[in-house]
>>> print(open('query13.txt').read())   # compact mmCIF, C-alpha atoms and all ligand atoms
# COMPACT_ATOMS: atom_id res chain seq x y z
CA MET A 1 296.60 -19.76 107.45
CA ARG A 2 297.17 -17.18 110.17
CA ILE A 3 294.60 -18.09 112.84
CA ALA A 4 293.82 -16.05 115.95
CA MET A 5 292.16 -18.09 118.69
CA ILE A 6 290.48 -15.96 121.35
CA SER A 7 289.94 -17.64 124.71
CA GLU A 8 289.50 -14.83 127.20
CA HIS A 9 289.30 -16.80 130.48
CA ALA A 10 290.54 -20.25 129.45
CA SER A 11 294.28 -20.28 128.85
CA PRO A 12 295.72 -23.37 127.19
CA LEU A 13 298.57 -23.07 129.72
CA ALA A 14 296.32 -23.20 132.83
CA VAL A 15 296.32 -25.89 135.50
CA LEU A 16 293.02 -27.75 135.12
CA GLY A 17 290.39 -28.90 137.59
CA GLY A 18 289.61 -25.55 139.26
CA GLU A 19 286.22 -23.90 138.99
CA ASP A 20 286.87 -22.04 135.73
CA ALA A 21 289.53 -24.31 134.16
CA GLY A 22 288.48 -27.46 132.35
CA GLY A 23 287.23 -28.48 128.94
CA GLN A 24 287.64 -25.16 127.12
CA ASN A 25 291.30 -24.96 128.14
CA THR A 26 291.93 -28.49 126.88
CA HIS A 27 289.98 -27.84 123.69
CA VAL A 28 291.86 -24.66 122.80
CA ALA A 29 295.24 -26.23 123.60
CA GLU A 30 294.63 -29.40 121.60
CA LEU A 31 292.96 -27.70 118.66
CA SER A 32 295.76 -25.12 118.42
CA ALA A 33 298.38 -27.88 118.55
CA ALA A 34 296.61 -29.90 115.84
CA LEU A 35 296.25 -26.83 113.59
CA ALA A 36 299.92 -25.95 114.10
CA ALA A 37 300.87 -29.56 113.27
CA ALA A 38 298.87 -29.18 110.05
CA GLY A 39 301.03 -26.20 109.11
CA HIS A 40 298.89 -23.27 110.30
CA ASP A 41 300.27 -20.23 112.11
CA VAL A 42 298.24 -20.12 115.36
CA ARG A 43 298.17 -17.52 118.12
CA VAL A 44 295.96 -17.92 121.18
CA TYR A 45 294.92 -14.68 122.89
CA THR A 46 293.99 -15.04 126.54
CA ARG A 47 293.73 -12.60 129.42
CA LEU A 48 296.86 -11.76 131.42
CA ASP A 49 295.94 -13.05 134.90
CA ALA A 50 299.29 -12.83 136.73
CA VAL A 51 301.86 -10.03 136.80
CA ASP A 52 304.82 -12.26 136.04
CA LEU A 53 303.54 -13.70 132.75
CA PRO A 54 305.42 -12.85 129.55
CA VAL A 55 303.37 -11.26 126.77
CA THR A 56 304.14 -14.13 124.40
CA VAL A 57 304.83 -17.79 125.17
CA HIS A 58 306.05 -20.13 122.41
CA THR A 59 304.64 -23.55 123.26
CA ALA A 60 306.33 -26.86 122.52
CA ASP A 61 303.25 -27.70 120.42
CA GLY A 62 304.11 -25.08 117.80
CA TYR A 63 301.59 -22.32 118.59
CA GLN A 64 301.97 -19.10 120.56
CA VAL A 65 300.00 -17.90 123.58
CA VAL A 66 299.65 -14.12 123.83
CA HIS A 67 298.62 -12.64 127.20
CA VAL A 68 296.31 -9.67 126.74
CA PRO A 69 296.32 -6.97 129.43
CA ALA A 70 292.60 -6.41 130.14
CA GLY A 71 291.51 -5.88 133.74
CA PRO A 72 293.64 -6.66 136.79
CA ALA A 73 296.66 -8.93 136.27
CA GLU A 74 295.27 -11.50 138.68
CA PRO A 75 292.65 -14.27 138.57
CA VAL A 76 289.12 -12.88 138.05
CA ALA A 77 286.03 -15.13 138.02
CA LYS A 78 284.80 -15.79 134.48
CA ASP A 79 281.42 -14.21 135.25
CA ASP A 80 283.11 -10.93 136.27
CA LEU A 81 285.12 -10.49 133.08
CA LEU A 82 282.59 -8.75 130.83
CA PRO A 83 283.62 -5.16 131.80
CA TYR A 84 287.15 -5.91 130.55
CA MET A 85 286.17 -7.10 127.08
CA PRO A 86 286.35 -3.63 125.46
CA ALA A 87 289.97 -3.29 126.67
CA PHE A 88 290.64 -6.81 125.36
CA SER A 89 289.30 -6.01 121.89
CA ASP A 90 291.02 -2.57 121.75
CA TRP A 91 294.33 -4.25 122.53
CA LEU A 92 293.78 -6.85 119.79
CA ALA A 93 292.72 -4.25 117.25
CA ASP A 94 295.77 -2.05 118.00
CA ARG A 95 298.10 -5.00 117.82
CA TRP A 96 296.71 -6.25 114.52
CA ARG A 97 296.64 -2.73 113.08
CA ALA A 98 300.30 -2.30 114.00
CA GLY A 99 300.81 -4.77 111.20
CA ASP A 100 303.49 -7.26 112.23
CA TRP A 101 300.94 -10.09 112.27
CA GLN A 102 297.34 -9.91 111.15
CA PRO A 103 295.06 -12.95 111.31
CA GLU A 104 293.21 -14.25 108.27
CA VAL A 105 290.53 -15.70 110.54
CA VAL A 106 289.50 -15.22 114.16
CA HIS A 107 288.08 -18.21 116.06
CA ALA A 108 286.45 -17.13 119.33
CA HIS A 109 285.78 -19.53 122.20
CA PHE A 110 282.98 -18.66 124.66
CA TRP A 111 280.63 -15.75 124.21
CA MET A 112 282.77 -13.02 125.80
CA SER A 113 285.66 -13.94 123.51
CA GLY A 114 283.16 -13.63 120.67
CA LEU A 115 282.33 -10.05 121.67
CA ALA A 116 286.01 -9.11 121.95
CA GLY A 117 287.02 -10.96 118.79
CA LEU A 118 284.19 -9.60 116.67
CA ALA A 119 284.75 -6.01 117.82
CA ALA A 120 288.46 -6.26 116.93
CA ALA A 121 288.00 -8.21 113.70
CA ARG A 122 285.31 -6.00 112.20
CA ARG A 123 287.78 -3.08 112.26
CA SER A 124 290.00 -4.96 109.83
CA GLY A 125 287.42 -7.04 107.94
CA VAL A 126 288.71 -10.38 109.26
CA PRO A 127 286.06 -13.16 109.35
CA VAL A 128 285.00 -14.58 112.72
CA VAL A 129 284.11 -18.15 113.68
CA GLN A 130 282.37 -18.70 117.01
CA THR A 131 282.36 -21.74 119.33
CA TYR A 132 280.20 -21.19 122.42
CA HIS A 133 281.36 -24.11 124.62
CA ALA A 134 278.37 -23.35 126.89
CA LEU A 135 275.10 -21.49 126.44
CA GLY A 136 273.43 -19.01 128.78
CA THR A 137 269.94 -20.38 128.02
CA VAL A 138 270.92 -23.87 129.16
CA LYS A 139 272.71 -22.59 132.25
CA ARG A 140 269.72 -20.44 133.22
CA ARG A 141 267.32 -23.37 132.74
CA HIS A 142 269.32 -25.60 135.06
CA GLN A 143 270.72 -23.16 137.59
CA GLY A 144 267.91 -20.60 137.83
CA ALA A 145 268.66 -17.97 140.46
CA GLN A 146 272.11 -19.48 141.10
CA ASP A 147 273.27 -18.60 137.60
CA THR A 148 275.92 -15.90 138.07
CA SER A 149 276.28 -15.07 134.36
CA PRO A 150 276.26 -11.34 133.61
CA PRO A 151 272.84 -10.00 132.65
CA GLY A 152 272.46 -9.81 128.90
CA ARG A 153 274.45 -12.96 128.20
CA ILE A 154 271.62 -14.66 126.33
CA ASP A 155 270.94 -11.61 124.13
CA HIS A 156 274.66 -11.28 123.38
CA GLU A 157 274.84 -14.97 122.44
CA ARG A 158 271.88 -14.66 120.08
CA GLU A 159 273.27 -11.53 118.44
CA LEU A 160 276.73 -13.08 118.11
CA GLY A 161 275.27 -16.12 116.37
CA ARG A 162 273.59 -13.86 113.84
CA SER A 163 276.67 -11.66 113.31
CA VAL A 164 279.67 -13.95 113.02
CA ASP A 165 280.59 -15.66 109.76
CA ARG A 166 280.10 -19.19 111.10
CA VAL A 167 279.08 -20.89 114.32
CA VAL A 168 280.79 -24.16 115.15
CA ALA A 169 278.51 -26.35 117.25
CA GLN A 170 280.02 -29.35 118.99
CA CYS A 171 277.04 -31.68 119.05
CA GLN A 172 273.46 -32.08 117.81
CA ASP A 173 272.01 -30.99 121.14
CA GLU A 174 273.85 -27.68 120.85
CA VAL A 175 272.45 -27.19 117.33
CA ALA A 176 268.91 -27.62 118.70
CA GLU A 177 269.63 -25.18 121.55
CA LEU A 178 271.06 -22.59 119.16
CA VAL A 179 268.07 -22.88 116.81
CA ARG A 180 265.78 -22.39 119.82
CA LEU A 181 267.84 -19.32 120.73
CA GLY A 182 267.26 -17.83 117.29
CA VAL A 183 270.52 -18.60 115.47
CA PRO A 184 269.80 -19.76 111.90
CA ARG A 185 270.69 -23.40 111.22
CA SER A 186 272.35 -22.33 107.97
CA ARG A 187 275.06 -20.49 109.93
CA MET A 188 276.17 -23.58 111.82
CA THR A 189 278.63 -26.37 111.17
CA VAL A 190 278.99 -29.28 113.59
CA VAL A 191 282.60 -30.15 114.42
CA PRO A 192 282.91 -32.15 117.64
CA SER A 193 285.83 -31.75 119.99
CA GLY A 194 288.57 -34.31 119.60
CA VAL A 195 290.63 -36.34 122.02
CA ASN A 196 294.40 -36.57 122.06
CA LEU A 197 294.97 -40.15 120.92
CA SER A 198 298.68 -40.03 121.79
CA THR A 199 298.01 -39.00 125.38
CA PHE A 200 294.87 -41.09 125.86
CA GLY A 201 295.24 -44.73 124.91
CA PRO A 202 294.81 -48.12 126.55
CA LEU A 203 298.52 -48.94 126.79
CA GLY A 204 300.65 -47.41 129.53
CA PRO A 205 300.86 -47.13 133.30
CA ALA A 206 297.73 -47.10 135.46
CA ALA A 207 297.20 -45.47 138.87
CA ASP A 208 297.27 -47.90 141.78
CA SER A 209 293.95 -49.49 142.57
CA ASP A 210 292.60 -50.24 146.00
CA GLY A 211 292.89 -53.89 147.01
CA GLY A 212 290.95 -55.52 144.23
CA ARG A 213 287.77 -53.46 144.51
CA ALA A 214 286.15 -52.44 141.22
CA ARG A 215 286.95 -48.80 140.50
CA ILE A 216 284.33 -46.26 139.49
CA LEU A 217 286.09 -43.13 138.25
CA THR A 218 284.44 -39.75 137.84
CA VAL A 219 286.29 -36.63 136.68
CA GLY A 220 285.63 -32.91 136.47
CA ARG A 221 285.61 -29.48 137.99
CA LEU A 222 284.07 -29.74 141.46
CA VAL A 223 280.88 -27.87 140.67
CA GLU A 224 277.37 -29.01 141.54
CA ARG A 225 276.09 -29.43 138.00
CA LYS A 226 278.67 -32.15 137.34
CA GLY A 227 276.49 -34.42 139.53
CA PHE A 228 279.18 -35.87 141.82
CA GLN A 229 276.61 -36.04 144.62
CA ASP A 230 274.45 -38.27 142.39
CA VAL A 231 277.48 -40.50 141.68
CA ILE A 232 278.17 -40.91 145.41
CA ARG A 233 274.52 -41.78 146.06
CA ALA A 234 274.70 -44.30 143.22
CA VAL A 235 277.88 -45.87 144.63
CA ALA A 236 276.02 -46.65 147.85
CA ALA A 237 273.99 -49.10 145.74
CA VAL A 238 277.06 -50.76 144.21
CA PRO A 239 278.62 -53.06 146.81
CA ASP A 240 282.37 -53.61 146.89
CA ALA A 241 283.24 -50.82 144.50
CA GLU A 242 285.35 -47.77 145.25
CA CYS A 243 284.63 -44.35 143.79
CA VAL A 244 287.51 -42.06 142.84
CA VAL A 245 286.73 -38.41 142.18
CA VAL A 246 289.40 -36.56 140.17
CA GLY A 247 289.26 -32.76 139.89
CA GLY A 248 288.77 -29.68 142.03
CA PRO A 249 291.51 -27.78 143.83
CA PRO A 250 294.94 -29.37 144.38
CA ALA A 251 294.82 -32.21 146.95
CA GLY A 252 296.19 -30.02 149.76
CA LEU A 253 293.29 -27.57 149.43
CA LEU A 254 290.46 -30.12 149.35
CA GLU A 255 290.01 -29.80 153.13
CA THR A 256 288.79 -26.23 152.70
CA ASP A 257 286.78 -26.64 149.50
CA PRO A 258 283.08 -26.33 150.47
CA TYR A 259 281.83 -28.67 147.77
CA ALA A 260 284.49 -31.31 148.53
CA LEU A 261 283.47 -31.12 152.21
CA ARG A 262 279.83 -31.63 151.22
CA LEU A 263 280.71 -34.68 149.12
CA ARG A 264 282.68 -36.19 152.00
CA ALA A 265 279.82 -35.52 154.42
CA LEU A 266 277.40 -37.17 152.00
CA ALA A 267 279.62 -40.27 151.73
CA ARG A 268 279.79 -40.44 155.55
CA SER A 269 276.02 -40.13 155.89
CA LEU A 270 275.58 -43.01 153.43
CA GLY A 271 278.08 -45.14 155.35
CA ILE A 272 280.51 -45.35 152.41
CA ALA A 273 283.22 -42.89 153.45
CA ASP A 274 285.82 -45.67 153.16
CA ARG A 275 284.81 -46.28 149.52
CA VAL A 276 284.88 -42.68 148.26
CA ARG A 277 288.23 -41.03 147.56
CA LEU A 278 288.72 -37.43 146.43
CA VAL A 279 292.13 -36.91 144.86
CA GLY A 280 291.86 -33.25 143.81
CA ALA A 281 293.28 -31.76 140.62
CA VAL A 282 295.45 -34.03 138.49
CA PRO A 283 297.82 -32.58 135.85
CA ARG A 284 296.66 -33.21 132.31
CA GLU A 285 299.62 -35.46 131.52
CA GLU A 286 298.64 -37.79 134.38
CA MET A 287 294.98 -38.13 133.48
CA ALA A 288 295.44 -41.23 131.29
CA ARG A 289 296.87 -43.15 134.26
CA TRP A 290 293.64 -42.57 136.17
CA TYR A 291 291.38 -43.54 133.27
CA ARG A 292 293.35 -46.76 132.68
CA SER A 293 292.92 -47.73 136.32
CA ALA A 294 289.10 -47.59 136.09
CA ASP A 295 286.62 -50.38 135.46
CA VAL A 296 284.03 -47.81 134.47
CA LEU A 297 284.02 -44.05 133.93
CA VAL A 298 280.89 -42.41 135.27
CA ALA A 299 279.85 -38.96 134.07
CA ALA A 300 276.63 -37.78 135.68
CA PRO A 301 276.24 -34.09 134.84
CA TRP A 302 272.82 -32.42 134.97
CA TYR A 303 273.72 -30.80 131.65
CA GLU A 304 276.89 -30.88 129.56
CA PRO A 305 277.70 -28.78 126.49
CA PHE A 306 280.16 -31.38 125.19
CA GLY A 307 281.93 -33.40 127.91
CA LEU A 308 285.52 -34.38 127.22
CA THR A 309 286.08 -36.79 130.09
CA PRO A 310 283.90 -39.66 128.74
CA LEU A 311 285.71 -39.32 125.41
CA GLU A 312 289.13 -39.42 127.09
CA ALA A 313 288.06 -42.56 128.97
CA MET A 314 286.76 -44.15 125.76
CA ALA A 315 290.12 -43.49 124.07
CA CYS A 316 291.73 -45.39 126.97
CA GLY A 317 289.39 -48.32 126.34
CA VAL A 318 287.16 -47.72 129.36
CA PRO A 319 283.37 -48.22 129.19
CA VAL A 320 281.20 -45.28 130.23
CA VAL A 321 277.99 -44.84 132.18
CA ALA A 322 276.72 -41.32 131.60
CA THR A 323 273.63 -39.19 131.89
CA ALA A 324 271.79 -38.67 128.61
CA VAL A 325 272.45 -34.94 128.29
CA GLY A 326 274.10 -32.61 125.77
CA GLY A 327 277.16 -33.88 123.94
CA LEU A 328 277.17 -37.17 125.86
CA THR A 329 274.25 -38.38 123.73
CA ASP A 330 276.53 -38.06 120.65
CA THR A 331 279.76 -39.50 122.05
CA VAL A 332 278.36 -42.39 124.11
CA VAL A 333 276.37 -44.90 122.05
CA HIS A 334 273.86 -46.47 124.43
CA GLY A 335 274.22 -50.24 124.52
CA ARG A 336 277.39 -50.23 122.41
CA THR A 337 280.11 -48.08 124.03
CA GLY A 338 278.35 -47.50 127.34
CA ASP A 339 275.02 -46.91 129.02
CA LEU A 340 273.02 -43.69 129.16
CA VAL A 341 270.67 -42.97 132.06
CA PRO A 342 268.43 -40.01 132.95
CA ALA A 343 270.14 -37.12 134.75
CA ARG A 344 269.63 -36.59 138.49
CA GLU A 345 268.41 -40.12 139.12
CA PRO A 346 270.99 -41.79 141.38
CA ALA A 347 268.93 -45.01 141.58
CA ALA A 348 269.01 -45.47 137.78
CA LEU A 349 272.70 -44.56 137.74
CA GLY A 350 273.46 -47.08 140.50
CA ALA A 351 271.53 -49.84 138.70
CA ALA A 352 273.41 -49.18 135.44
CA ILE A 353 276.82 -49.20 137.16
CA ARG A 354 275.96 -52.35 139.13
CA GLY A 355 274.75 -54.09 135.98
CA LEU A 356 277.88 -53.22 134.03
CA LEU A 357 280.35 -54.07 136.79
CA GLY A 358 278.60 -57.42 137.16
CA ASP A 359 278.92 -58.27 133.47
CA ARG A 360 282.51 -58.77 132.38
CA ILE A 361 281.66 -59.67 128.81
CA ARG A 362 279.53 -56.58 128.21
CA ARG A 363 282.23 -54.42 129.79
CA PHE A 364 284.81 -55.85 127.43
CA ALA A 365 282.52 -55.36 124.41
CA TYR A 366 281.80 -51.72 125.40
CA ALA A 367 285.50 -51.05 126.01
CA THR A 368 286.46 -52.34 122.57
CA ALA A 369 283.70 -50.39 120.83
CA ALA A 370 284.49 -47.24 122.85
CA LEU A 371 288.13 -47.34 121.82
CA GLU A 372 287.22 -47.88 118.19
CA ARG A 373 284.70 -45.01 118.24
CA ALA A 374 287.16 -42.57 119.85
CA ARG A 375 289.84 -43.44 117.30
CA THR A 376 287.67 -43.29 114.20
CA HIS A 377 285.44 -40.31 115.01
CA TYR A 378 287.27 -38.03 117.41
CA SER A 379 290.91 -37.45 116.49
CA TRP A 380 292.10 -33.84 116.77
CA ALA A 381 293.74 -34.19 113.36
CA THR A 382 290.28 -34.75 111.83
CA ALA A 383 288.77 -31.83 113.76
CA ALA A 384 291.66 -29.57 112.68
CA GLU A 385 291.27 -30.61 109.06
CA ARG A 386 287.55 -29.82 109.05
CA LEU A 387 288.07 -26.50 110.79
CA GLY A 388 290.97 -25.63 108.47
CA GLU A 389 288.61 -26.09 105.52
CA LEU A 390 285.94 -24.02 107.23
CA TYR A 391 288.39 -21.17 107.96
CA GLY A 392 289.38 -21.26 104.29
CA GLU A 393 285.74 -20.97 103.23
CA VAL A 394 284.91 -18.00 105.44
CA ALA A 395 288.14 -16.22 104.52
CA THR A 396 287.42 -16.68 100.81
CA VAL A 397 283.86 -15.48 101.08
CA GLY A 398 285.24 -12.45 102.93
CA ARG A 399 281.78 -11.32 103.97
CA PRO A 400 282.03 -8.24 106.19
CA THR A 401 280.84 -8.96 109.73
CA ARG A 402 277.90 -7.05 111.17
CA VAL A 403 278.31 -4.72 114.07
CA VAL A 404 277.28 -5.95 117.53
CA ALA A 405 276.02 -3.15 119.75
N1 LIG B 1 290.97 -32.33 133.84
C1 LIG B 1 292.31 -32.42 134.23
N2 LIG B 1 292.59 -32.55 135.55
C2 LIG B 1 291.63 -32.60 136.51
C3 LIG B 1 290.28 -32.52 136.11
C4 LIG B 1 289.98 -32.38 134.77
O1 LIG B 1 293.21 -32.39 133.40
O2 LIG B 1 291.96 -32.72 137.66
C5 LIG B 1 290.66 -32.18 132.41
C6 LIG B 1 289.98 -33.39 131.80
O3 LIG B 1 290.92 -34.37 131.45
C7 LIG B 1 289.25 -32.75 130.59
C8 LIG B 1 288.86 -31.38 131.14
O4 LIG B 1 289.70 -31.12 132.26
O5 LIG B 1 290.15 -32.59 129.51
C9 LIG B 1 287.39 -31.34 131.56
O6 LIG B 1 286.62 -31.22 130.41
P1 LIG B 1 285.05 -31.54 130.37
O7 LIG B 1 284.60 -31.25 128.97
O8 LIG B 1 284.78 -32.92 130.87
O9 LIG B 1 284.39 -30.54 131.41
P2 LIG B 1 284.29 -28.93 131.49
O10 LIG B 1 285.43 -28.49 132.35
O11 LIG B 1 284.39 -28.37 130.09
O12 LIG B 1 282.97 -28.64 132.11
>>> encode(input="query13.txt", output="structure tokens", more="lines below")
Ligand code: UDP
Amino acid sequence: MRIAMISEHASPLAVLGGEDAGGQNTHVAELSAALAAAGHDVRVYTRLDAVDLPVTVHTADGYQVVHVPAGPAEPVAKDDLLPYMPAFSDWLADRWRAGDWQPEVVHAHFWMSGLAGLAAARRSGVPVVQTYHALGTVKRRHQGAQDTSPPGRIDHERELGRSVDRVVAQCQDEVAELVRLGVPRSRMTVVPSGVNLSTFGPLGPAADSDGGRARILTVGRLVERKGFQDVIRAVAAVPDAECVVVGGPPAGLLETDPYALRLRALARSLGIADRVRLVGAVPREEMARWYRSADVLVAAPWYEPFGLTPLEAMACGVPVVATAVGGLTDTVVHGRTGDLVPAREPAALGAAIRGLLGDRIRRFAYATAALERARTHYSWATAAERLGELYGEVATVGRPTRVVA
């Protein structure tokens, strides 16, 4: 099928680890590659955010990335992009109307892509599938006044869910959140994200470890809700272990990153500065080396729509200690592939890490079960197959999409 992926802020070509570049970029890149490998014709539309980018890039993974001129050709924070969505959808509609390539299905990622994709697709009667990746209601609940989402996000998300042809939720927690938002259950299909099992596996080189200390690895964009401060507090209660934090700006810019400075100050105040190491952004192709070097992967977000990093660690045969939030309650099976603890409770997190690092046999059992679970439940080939079927269904039904104001 001809599939148009819309990912307005998250380019599959972006360098990951920065504030607005993480899971969605990986998801769109891997899903597009898996769909292309299955024989589909995939184009990813993302915003042009640098003057020197070509309109179209043919990737080595068999799909194209098309840079859409909408707003300034420079980086713009995700939460400031809404005013440019009409230009984004006009450009898509013109391009598809011009006729050289028209999609049979549009799959939008994130709510603003949904607005742009739906507005363009409804002009040509193409069905739309929506994946939210994150929900405004959840963000508002956790971040309160610090939530910088544009006003109206929640209403747009509700209306989108009622207007598109199908909503793809990534985990059971997201289904519950969407139902609470007012999106009918009957419109949803659950297809979890996958993990690249060629890139992430137990065999291969590992990053150097530090003089025999157990390694606690934690990975993600350096934003508060990822709970790195809770991990560092927990590490203070785990003697003789080092904590490696991967993510954030490139290593050279960590010295000026306010959140990185706060994490370092916290480690100093706890007397564990020598056991906490921030390495900054790591290129995607080097991530497996870091996972393989870890004795345990800790993911301690306050909330998490899906959470790829525990899954990547599991595929490398690494046990996980995670907070029991969002998608992590689906991927991590408590007591079998890892341990789940309440969010924002560093003492409980520290106790779980200490217990696991002190129990070699349980760690080995978790690692084996984690690897098995990643391989059997979360391959991208499986996700692409299920989504390919879903695209076929919505395209066959051919139900006209409703207009979003
Ligand atoms: N990642 C990376 N380099 C880094 C930090 C993160 O390649 O320095 C990748 C990581 O491997 C994962 C993604 O970014 O694929 C983060 O996804 P996750 O779902 O954990 O978090 P999100 O960014 O969606 O909040």
>>> closest_residue(input="query13.txt", among="A:Arg373, A:Arg277, A:Ala236, A:Tyr366", to="A:Arg354", atoms="all atoms listed in the file")
A:Ala236
>>> residues_near_ligand(input="query13.txt", ligand="ligand LIG 1 (chain B)", cutoff="9 Å", atoms="only C-alpha atoms and all ligand atoms", output="MDAnalysis selection string")
chainID A and resid 15:27 133:134 195 219:223 226 245:250 279:288 299 304:312
>>> closest_residue(input="query13.txt", among="A:Gly388, A:Arg344, A:Thr256, A:Ala367", to="A:Asp41", atoms="all atoms listed in the file")
A:Gly388
>>> closest_residue(input="query13.txt", among="A:Cys243, A:Ala169, A:Ala33, A:Ala176", to="A:Val191", atoms="only C-alpha atoms")
A:Ala169
>>> residues_around(input="query13.txt", residues="A:Ser124", least_positions_apart="3", cutoff="8 Å", atoms="only C-alpha atoms", output="VMD selection string")
chain A and resid 93 97 120 to 121
>>> closest_residue(input="query13.txt", among="A:Val68, A:Leu160, A:Leu35, A:Leu278", to="A:Leu53", atoms="all atoms listed in the file")
A:Val68
>>> closest_residue(input="query13.txt", among="A:Thr199, A:Thr396, A:Thr131, A:Ser209", to="A:Ser379", atoms="all atoms listed in the file")
A:Thr199
>>> atom_distance(input="query13.txt", atom1="atom CA of A:Val235", atom2="atom CA of A:Ile216")
8.3 Å
>>> closest_residue(input="query13.txt", among="A:Asp49, A:Glu345, A:Asp165, A:Glu104", to="A:Arg2", atoms="only C-alpha atoms")
A:Glu104
>>> residues_around(input="query13.txt", residues="A:Val42", least_positions_apart="4", cutoff="12 Å", atoms="all atoms listed in the file", output="number ranges by chain")
A: 1-6, 28-38, 58-59, 61-66, 101-107, 384, 388
>>> write_last_selection(input="query13.txt", atoms="C-alpha atoms", output="short mmCIF file (atom, residue, chain, number, x, y, z; two decimals), in the frame of the given file")
data_model
loop_
_atom_site.label_atom_id
_atom_site.label_comp_id
_atom_site.auth_asym_id
_atom_site.auth_seq_id
_atom_site.Cartn_x
_atom_site.Cartn_y
_atom_site.Cartn_z
CA MET A 1 296.60 -19.76 107.45
CA ARG A 2 297.17 -17.18 110.17
CA ILE A 3 294.60 -18.09 112.84
CA ALA A 4 293.82 -16.05 115.95
CA MET A 5 292.16 -18.09 118.69
CA ILE A 6 290.48 -15.96 121.35
CA VAL A 28 291.86 -24.66 122.80
CA ALA A 29 295.24 -26.23 123.60
CA GLU A 30 294.63 -29.40 121.60
CA LEU A 31 292.96 -27.70 118.66
CA SER A 32 295.76 -25.12 118.42
CA ALA A 33 298.38 -27.88 118.55
CA ALA A 34 296.61 -29.90 115.84
CA LEU A 35 296.25 -26.83 113.59
CA ALA A 36 299.92 -25.95 114.10
CA ALA A 37 300.87 -29.56 113.27
CA ALA A 38 298.87 -29.18 110.05
CA HIS A 58 306.05 -20.13 122.41
CA THR A 59 304.64 -23.55 123.26
CA ASP A 61 303.25 -27.70 120.42
CA GLY A 62 304.11 -25.08 117.80
CA TYR A 63 301.59 -22.32 118.59
CA GLN A 64 301.97 -19.10 120.56
CA VAL A 65 300.00 -17.90 123.58
CA VAL A 66 299.65 -14.12 123.83
CA TRP A 101 300.94 -10.09 112.27
CA GLN A 102 297.34 -9.91 111.15
CA PRO A 103 295.06 -12.95 111.31
CA GLU A 104 293.21 -14.25 108.27
CA VAL A 105 290.53 -15.70 110.54
CA VAL A 106 289.50 -15.22 114.16
CA HIS A 107 288.08 -18.21 116.06
CA ALA A 384 291.66 -29.57 112.68
CA GLY A 388 290.97 -25.63 108.47
#
>>> axis_aligned_box(input="query13.txt", around="stretch 319-323 of chain A", padding_each_side="3 Å", output="JSON")
{"center_x": 278.5, "center_y": -43.7, "center_z": 130.7, "size_x": 15.7, "size_y": 15.0, "size_z": 9.0}
>>> residues_around(input="query13.txt", residues="A:Tyr378", least_positions_apart="3", cutoff="9 Å", atoms="all atoms listed in the file", output="PDB file with C-alpha atoms, in the frame of the given file")
ATOM      1  CA  PRO A 192     282.910 -32.150 117.640  1.00  0.00           C
ATOM      2  CA  SER A 193     285.830 -31.750 119.990  1.00  0.00           C
ATOM      3  CA  GLY A 194     288.570 -34.310 119.600  1.00  0.00           C
ATOM      4  CA  VAL A 195     290.630 -36.340 122.020  1.00  0.00           C
ATOM      5  CA  ASN A 196     294.400 -36.570 122.060  1.00  0.00           C
ATOM      6  CA  LEU A 197     294.970 -40.150 120.920  1.00  0.00           C
ATOM      7  CA  LEU A 311     285.710 -39.320 125.410  1.00  0.00           C
ATOM      8  CA  THR A 331     279.760 -39.500 122.050  1.00  0.00           C
ATOM      9  CA  ARG A 373     284.700 -45.010 118.240  1.00  0.00           C
ATOM     10  CA  ALA A 374     287.160 -42.570 119.850  1.00  0.00           C
ATOM     11  CA  ARG A 375     289.840 -43.440 117.300  1.00  0.00           C
ATOM     12  CA  ALA A 381     293.740 -34.190 113.360  1.00  0.00           C
ATOM     13  CA  THR A 382     290.280 -34.750 111.830  1.00  0.00           C
ATOM     14  CA  ALA A 383     288.770 -31.830 113.760  1.00  0.00           C
TER      15      ALA A 383
END
>>> residues_around(input="query13.txt", residues="A:Ala324", least_positions_apart="2", cutoff="8 Å", atoms="all atoms listed in the file", output="ChimeraX atom specification")
/A:322,326,328-329,340-343
>>> atom_distance(input="query13.txt", atom1="atom CA of A:Ala347", atom2="atom CA of A:Ser269")
16.7 Å
>>> atom_distance(input="query13.txt", atom1="atom CA of A:Gln170", atom2="atom CA of A:Ala313")
18.4 Å
>>> residues_around(input="query13.txt", residues="A:Arg275", least_positions_apart="5", cutoff="10 Å", atoms="only C-alpha atoms", output="JSON, numbers by chain")
{"A": [210, 213, 215, 232, 235, 236, 239, 240, 241, 242, 243, 244, 267, 268]}
>>> decode(input="query13.txt", residues="stretch 105-119 of chain A", atoms="C-alpha atoms", output="PDB file, in the first residue's frame")
ATOM      1  CA  VAL A 105      -3.841   5.646   4.025  1.00  0.00           C
ATOM      2  CA  VAL A 106      -2.490   8.391   6.269  1.00  0.00           C
ATOM      3  CA  HIS A 107      -0.989   7.420   9.642  1.00  0.00           C
ATOM      4  CA  ALA A 108      -0.519  10.467  11.881  1.00  0.00           C
ATOM      5  CA  HIS A 109       1.828  10.492  14.872  1.00  0.00           C
ATOM      6  CA  PHE A 110       1.121  12.975  17.704  1.00  0.00           C
ATOM      7  CA  TRP A 111      -1.951  15.163  17.846  1.00  0.00           C
ATOM      8  CA  MET A 112      -0.700  18.058  15.700  1.00  0.00           C
ATOM      9  CA  SER A 113       0.191  15.632  12.912  1.00  0.00           C
ATOM     10  CA  GLY A 114      -3.346  14.323  13.284  1.00  0.00           C
ATOM     11  CA  LEU A 115      -4.801  17.791  12.672  1.00  0.00           C
ATOM     12  CA  ALA A 116      -2.583  18.347   9.625  1.00  0.00           C
ATOM     13  CA  GLY A 117      -3.076  14.833   8.262  1.00  0.00           C
ATOM     14  CA  LEU A 118      -6.838  14.815   8.714  1.00  0.00           C
ATOM     15  CA  ALA A 119      -7.277  18.246   7.129  1.00  0.00           C
TER      16      ALA A 119
END
